[in-house]
Amino acid sequence: MKVKILRCSSLPNNLLQLLSTSAASSSPSLSMAAPRSLVVETDGRLLDRDEEENVESPTGKRFKVEKFPLPRWEFVAALGVFLVFSSGLLCIYLTMPAAEYEMLKLPRTLADLRVLKDHLARYAQVYPAKFILGYCSTYIFMQTFMIPGTIFMSLLAGALFGVVRGLFLVVFNATAGASSCYFLSKLIGRPIVNWLWPEKLRFFQAEIAKQREKLLNYMLFLRVTPTLPNLFINLASPIVDIPFHIFFLATVIGLIPASYITVRAGLALGDLKSVKDLYDFKTLAVLFLIGSVLLIPTLLKRKRICE
């Protein structure tokens, strides 16, 4: 067996010659040993081939690629739910008169909403049941999958149905859509929320832990006031272990004030210049006043504990 000795600058030449002579005169039993590949680092230390593969090059850099937050099975489950909802919405859409297809679209601006309102005013009178079914399905679909534009749907309800019926429709659809989003987030929401709002989620979790005994009052406060976006509340609630019955009650009751403001603004849709005009300083002050009243039981309990 030939033993190859790699020359290293840190070893003297006479030592290398001695090792070569010893290897040549060694017993045949050495031939039974498994060959071992060796490499020499610049400092003279011998490394195995496996160790060499794990050593990071001084000039090379390892970059961590940020992965998509959903595992494969969760992504497939979310896609399946989306396809089921989409198929149901498409079936409802196909039952409507063919002549109305080109006019039915989601409004993105107030100008689109005014054109849609003028067209749907007659359509809602001729096909009331189909219009209600299509309206509710679209609203719940948008709320479930976090598609922006539900505020235009709320304005449309006020413009077409008035304050009372419009408010009932908006609260019903918003609650149904938020509940659907709650259960969808329970299935796949944790990695998404951790990916999008990690700091906000930690803050929300800490506040929920503090308000656990008066959780309904705190959730009502969040729903009434624009402290946290409704989208974030829908997604984060199952992650921080808010029971569904509390989430449901807070949504039904807490959305009434803001929905009333939006539906009432729909009556004067022609005078509305911007969506931002819905929540001016006066309106926000009223909402925070209502929310503060809802927090009074929590504040009183804290005072008794301190005493």
# chains A, B, ... in the order shown; residues from 1 in each chain; ligands from 1
>>> residues_around(residues="range 136-143 of chain A", least_positions_apart="5", cutoff="7 Å", atoms="only C-alpha atoms", output="ChimeraX atom specification")
/A:85,89,150,153,173-174,176-178
>>> write_last_selection(atoms="N, CA and C atoms", output="short mmCIF file (atom, residue, chain, number, x, y, z; two decimals), in the first residue's frame")
data_model
loop_
_atom_site.label_atom_id
_atom_site.label_comp_id
_atom_site.auth_asym_id
_atom_site.auth_seq_id
_atom_site.Cartn_x
_atom_site.Cartn_y
_atom_site.Cartn_z
N PHE A 85 -65.31 28.70 -2.16
CA PHE A 85 -66.01 29.97 -2.09
C PHE A 85 -66.18 30.58 -3.48
N LEU A 89 -69.66 31.49 -5.48
CA LEU A 89 -69.93 32.84 -5.96
C LEU A 89 -70.14 32.86 -7.47
N THR A 150 -64.74 46.49 1.11
CA THR A 150 -66.03 46.27 1.78
C THR A 150 -66.68 47.57 2.21
N MET A 153 -69.08 48.47 -0.35
CA MET A 153 -70.29 47.63 -0.26
C MET A 153 -71.22 48.14 0.84
N ASN A 173 -73.51 40.71 7.21
CA ASN A 173 -72.46 40.24 6.31
C ASN A 173 -71.07 40.41 6.92
N ALA A 174 -70.85 41.54 7.60
CA ALA A 174 -69.54 41.76 8.22
C ALA A 174 -69.27 40.73 9.31
N ALA A 176 -70.66 37.66 9.50
CA ALA A 176 -70.48 36.36 8.85
C ALA A 176 -69.10 36.25 8.21
N GLY A 177 -68.68 37.32 7.54
CA GLY A 177 -67.36 37.30 6.91
C GLY A 177 -66.23 37.26 7.93
N ALA A 178 -66.37 38.01 9.02
CA ALA A 178 -65.34 37.99 10.07
C ALA A 178 -65.27 36.63 10.74
#
>>> residues_around(residues="Val170 in chain A", least_positions_apart="3", cutoff="8 Å", atoms="only C-alpha atoms", output="list in words")
Ser154, Ala157, Gly166, Leu167, Asn173, Ala174 and Ser259 of chain A
>>> atom_distance(atom1="CA of Leu90 in chain A", atom2="CA of Leu187 in chain A")
24.3 Å
>>> closest_residue(among="A:Ala77, A:Leu133, A:Leu113, A:Ala250", to="Asn230 in chain A", atoms="only C-alpha atoms")
A:Ala250
>>> residues_around(residues="Thr175 in chain A", least_positions_apart="3", cutoff="7 Å", atoms="only C-alpha atoms", output="PyMOL selection string")
chain A and resi 171-172+178-179+251-252
>>> write_last_selection(atoms="N, CA, C and O atoms", output="PDB file, in the first residue's frame")
ATOM      1  N   VAL A 171     -74.137  44.681   9.004  1.00  0.00           N
ATOM      2  CA  VAL A 171     -73.710  44.012  10.237  1.00  0.00           C
ATOM      3  C   VAL A 171     -73.767  42.498  10.063  1.00  0.00           C
ATOM      4  O   VAL A 171     -72.857  41.766  10.502  1.00  0.00           O
ATOM      5  N   PHE A 172     -74.812  42.011   9.401  1.00  0.00           N
ATOM      6  CA  PHE A 172     -74.930  40.572   9.177  1.00  0.00           C
ATOM      7  C   PHE A 172     -73.772  40.054   8.328  1.00  0.00           C
ATOM      8  O   PHE A 172     -73.115  39.058   8.673  1.00  0.00           O
ATOM      9  N   ALA A 178     -66.375  38.007   9.021  1.00  0.00           N
ATOM     10  CA  ALA A 178     -65.345  37.990  10.068  1.00  0.00           C
ATOM     11  C   ALA A 178     -65.267  36.625  10.742  1.00  0.00           C
ATOM     12  O   ALA A 178     -64.169  36.143  11.060  1.00  0.00           O
ATOM     13  N   SER A 179     -66.416  35.990  10.956  1.00  0.00           N
ATOM     14  CA  SER A 179     -66.422  34.654  11.558  1.00  0.00           C
ATOM     15  C   SER A 179     -65.764  33.636  10.635  1.00  0.00           C
ATOM     16  O   SER A 179     -65.004  32.764  11.078  1.00  0.00           O
ATOM     17  N   THR A 251     -68.092  41.321  17.702  1.00  0.00           N
ATOM     18  CA  THR A 251     -68.221  41.730  16.304  1.00  0.00           C
ATOM     19  C   THR A 251     -69.626  42.233  16.009  1.00  0.00           C
ATOM     20  O   THR A 251     -69.807  43.291  15.383  1.00  0.00           O
ATOM     21  N   VAL A 252     -70.631  41.490  16.442  1.00  0.00           N
ATOM     22  CA  VAL A 252     -72.023  41.884  16.177  1.00  0.00           C
ATOM     23  C   VAL A 252     -72.326  43.244  16.790  1.00  0.00           C
ATOM     24  O   VAL A 252     -72.888  44.127  16.133  1.00  0.00           O
TER      25      VAL A 252
END
>>> residues_around(residues="Phe131 in chain A", least_positions_apart="5", cutoff="9 Å", atoms="only C-alpha atoms", output="mmCIF file with C-alpha atoms, in the first residue's frame")
data_model
loop_
_atom_site.group_PDB
_atom_site.id
_atom_site.type_symbol
_atom_site.label_atom_id
_atom_site.label_comp_id
_atom_site.auth_asym_id
_atom_site.auth_seq_id
_atom_site.Cartn_x
_atom_site.Cartn_y
_atom_site.Cartn_z
ATOM 1 C CA MET A 96 -78.199 36.397 -12.952
ATOM 2 C CA LEU A 120 -78.360 48.442 -9.374
ATOM 3 C CA TYR A 123 -81.867 45.802 -10.721
ATOM 4 C CA ALA A 124 -82.572 45.423 -6.972
ATOM 5 C CA GLN A 125 -86.254 46.221 -7.594
ATOM 6 C CA CYS A 136 -74.318 38.952 0.687
#
>>> closest_residue(among="A:Val164, A:Leu196, A:Leu216, A:Leu156", to="Leu235 in chain A", atoms="only C-alpha atoms")
A:Leu196
>>> residues_around(residues="Ala236 in chain A", least_positions_apart="2", cutoff="10 Å", atoms="only C-alpha atoms", output="PyMOL selection string")
chain A and resi 182+185-186+189-190+192-194+197+200-201+204-205+230-234+238-242
>>> residues_around(residues="Pro107 in chain A", least_positions_apart="4", cutoff="9 Å", atoms="only C-alpha atoms", output="PyMOL selection string")
chain A and resi 111-114+116+149+152-153
>>> closest_residue(among="A:Val115, A:Ala78, A:Val163, A:Ala121", to="Phe145 in chain A", atoms="only C-alpha atoms")
A:Ala78
>>> atom_distance(atom1="CA of Ile256 in chain A", atom2="CA of Thr283 in chain A")
13.7 Å
>>> closest_residue(among="A:Val224, A:Val84, A:Leu269, A:Ile208", to="Gly162 in chain A", atoms="only C-alpha atoms")
A:Leu269
>>> atom_distance(atom1="CA of Arg212 in chain A", atom2="CA of Tyr260 in chain A")
28.9 Å
>>> closest_residue(among="A:Gly266, A:Pro148, A:Pro71, A:Pro191", to="Leu278 in chain A", atoms="only C-alpha atoms")
A:Gly266
>>> decode(residues="range 265-277 of chain A", atoms="all heavy atoms", output="PDB file, in the first residue's frame")
ATOM      1  N   ALA A 265     -73.948  57.512   5.470  1.00  0.00           N
ATOM      2  CA  ALA A 265     -73.245  58.292   4.440  1.00  0.00           C
ATOM      3  C   ALA A 265     -73.639  57.846   3.046  1.00  0.00           C
ATOM      4  O   ALA A 265     -73.565  58.620   2.092  1.00  0.00           O
ATOM      5  CB  ALA A 265     -71.741  58.158   4.631  1.00  0.00           C
ATOM      6  N   GLY A 266     -74.058  56.586   2.906  1.00  0.00           N
ATOM      7  CA  GLY A 266     -74.490  56.099   1.604  1.00  0.00           C
ATOM      8  C   GLY A 266     -75.744  56.780   1.097  1.00  0.00           C
ATOM      9  O   GLY A 266     -76.001  56.807  -0.121  1.00  0.00           O
ATOM     10  N   LEU A 267     -76.561  57.336   1.995  1.00  0.00           N
ATOM     11  CA  LEU A 267     -77.759  58.062   1.571  1.00  0.00           C
ATOM     12  C   LEU A 267     -77.405  59.321   0.797  1.00  0.00           C
ATOM     13  O   LEU A 267     -78.149  59.746  -0.096  1.00  0.00           O
ATOM     14  CB  LEU A 267     -78.612  58.424   2.792  1.00  0.00           C
ATOM     15  CG  LEU A 267     -79.181  57.247   3.600  1.00  0.00           C
ATOM     16  CD1 LEU A 267     -79.918  57.771   4.831  1.00  0.00           C
ATOM     17  CD2 LEU A 267     -80.120  56.415   2.732  1.00  0.00           C
ATOM     18  N   ALA A 268     -76.277  59.935   1.140  1.00  0.00           N
ATOM     19  CA  ALA A 268     -75.808  61.141   0.449  1.00  0.00           C
ATOM     20  C   ALA A 268     -74.557  60.813  -0.350  1.00  0.00           C
ATOM     21  O   ALA A 268     -73.533  61.494  -0.249  1.00  0.00           O
ATOM     22  CB  ALA A 268     -75.533  62.251   1.459  1.00  0.00           C
ATOM     23  N   LEU A 269     -74.636  59.746  -1.139  1.00  0.00           N
ATOM     24  CA  LEU A 269     -73.469  59.288  -1.887  1.00  0.00           C
ATOM     25  C   LEU A 269     -72.982  60.321  -2.894  1.00  0.00           C
ATOM     26  O   LEU A 269     -71.780  60.435  -3.141  1.00  0.00           O
ATOM     27  CB  LEU A 269     -73.821  57.980  -2.605  1.00  0.00           C
ATOM     28  CG  LEU A 269     -72.669  57.217  -3.265  1.00  0.00           C
ATOM     29  CD1 LEU A 269     -71.612  56.834  -2.237  1.00  0.00           C
ATOM     30  CD2 LEU A 269     -73.204  55.972  -3.974  1.00  0.00           C
ATOM     31  N   GLY A 270     -73.899  61.088  -3.458  1.00  0.00           N
ATOM     32  CA  GLY A 270     -73.507  62.092  -4.438  1.00  0.00           C
ATOM     33  C   GLY A 270     -72.709  63.234  -3.841  1.00  0.00           C
ATOM     34  O   GLY A 270     -71.924  63.876  -4.551  1.00  0.00           O
ATOM     35  N   ASP A 271     -72.892  63.499  -2.558  1.00  0.00           N
ATOM     36  CA  ASP A 271     -72.179  64.600  -1.906  1.00  0.00           C
ATOM     37  C   ASP A 271     -70.850  64.170  -1.288  1.00  0.00           C
ATOM     38  O   ASP A 271     -70.075  65.017  -0.845  1.00  0.00           O
ATOM     39  CB  ASP A 271     -73.053  65.222  -0.809  1.00  0.00           C
ATOM     40  CG  ASP A 271     -74.356  65.777  -1.376  1.00  0.00           C
ATOM     41  OD1 ASP A 271     -74.347  66.189  -2.550  1.00  0.00           O
ATOM     42  OD2 ASP A 271     -75.369  65.783  -0.643  1.00  0.00           O
ATOM     43  N   LEU A 272     -70.609  62.875  -1.251  1.00  0.00           N
ATOM     44  CA  LEU A 272     -69.388  62.368  -0.625  1.00  0.00           C
ATOM     45  C   LEU A 272     -68.214  62.533  -1.586  1.00  0.00           C
ATOM     46  O   LEU A 272     -68.235  62.050  -2.716  1.00  0.00           O
ATOM     47  CB  LEU A 272     -69.570  60.893  -0.260  1.00  0.00           C
ATOM     48  CG  LEU A 272     -68.507  60.265   0.649  1.00  0.00           C
ATOM     49  CD1 LEU A 272     -68.474  60.955   2.005  1.00  0.00           C
ATOM     50  CD2 LEU A 272     -68.784  58.772   0.821  1.00  0.00           C
ATOM     51  N   LYS A 273     -67.183  63.219  -1.146  1.00  0.00           N
ATOM     52  CA  LYS A 273     -66.026  63.497  -2.005  1.00  0.00           C
ATOM     53  C   LYS A 273     -64.911  62.468  -1.840  1.00  0.00           C
ATOM     54  O   LYS A 273     -64.190  62.180  -2.773  1.00  0.00           O
ATOM     55  CB  LYS A 273     -65.477  64.895  -1.695  1.00  0.00           C
ATOM     56  CG  LYS A 273     -66.461  66.019  -2.000  1.00  0.00           C
ATOM     57  CD  LYS A 273     -65.838  67.375  -1.677  1.00  0.00           C
ATOM     58  CE  LYS A 273     -66.826  68.505  -1.965  1.00  0.00           C
ATOM     59  NZ  LYS A 273     -66.246  69.841  -1.647  1.00  0.00           N
ATOM     60  N   SER A 274     -64.752  61.929  -0.627  1.00  0.00           N
ATOM     61  CA  SER A 274     -63.691  60.968  -0.372  1.00  0.00           C
ATOM     62  C   SER A 274     -64.115  60.037   0.751  1.00  0.00           C
ATOM     63  O   SER A 274     -64.916  60.418   1.617  1.00  0.00           O
ATOM     64  CB  SER A 274     -62.383  61.679  -0.001  1.00  0.00           C
ATOM     65  OG  SER A 274     -61.392  60.762   0.391  1.00  0.00           O
ATOM     66  N   VAL A 275     -63.570  58.828   0.726  1.00  0.00           N
ATOM     67  CA  VAL A 275     -63.870  57.875   1.792  1.00  0.00           C
ATOM     68  C   VAL A 275     -63.330  58.371   3.130  1.00  0.00           C
ATOM     69  O   VAL A 275     -63.888  58.072   4.194  1.00  0.00           O
ATOM     70  CB  VAL A 275     -63.269  56.497   1.431  1.00  0.00           C
ATOM     71  CG1 VAL A 275     -63.486  55.500   2.566  1.00  0.00           C
ATOM     72  CG2 VAL A 275     -63.876  55.976   0.143  1.00  0.00           C
ATOM     73  N   LYS A 276     -62.255  59.141   3.091  1.00  0.00           N
ATOM     74  CA  LYS A 276     -61.683  59.679   4.325  1.00  0.00           C
ATOM     75  C   LYS A 276     -62.633  60.634   5.032  1.00  0.00           C
ATOM     76  O   LYS A 276     -62.498  60.865   6.238  1.00  0.00           O
ATOM     77  CB  LYS A 276     -60.371  60.390   4.021  1.00  0.00           C
ATOM     78  CG  LYS A 276     -59.279  59.470   3.482  1.00  0.00           C
ATOM     79  CD  LYS A 276     -58.012  60.239   3.190  1.00  0.00           C
ATOM     80  CE  LYS A 276     -56.917  59.331   2.641  1.00  0.00           C
ATOM     81  NZ  LYS A 276     -55.673  60.080   2.334  1.00  0.00           N
ATOM     82  N   ASP A 277     -63.587  61.211   4.280  1.00  0.00           N
ATOM     83  CA  ASP A 277     -64.545  62.126   4.904  1.00  0.00           C
ATOM     84  C   ASP A 277     -65.486  61.417   5.865  1.00  0.00           C
ATOM     85  O   ASP A 277     -66.158  62.066   6.681  1.00  0.00           O
ATOM     86  CB  ASP A 277     -65.361  62.848   3.826  1.00  0.00           C
ATOM     87  CG  ASP A 277     -64.488  63.742   2.952  1.00  0.00           C
ATOM     88  OD1 ASP A 277     -63.382  64.111   3.410  1.00  0.00           O
ATOM     89  OD2 ASP A 277     -64.903  64.052   1.819  1.00  0.00           O
TER      90      ASP A 277
END
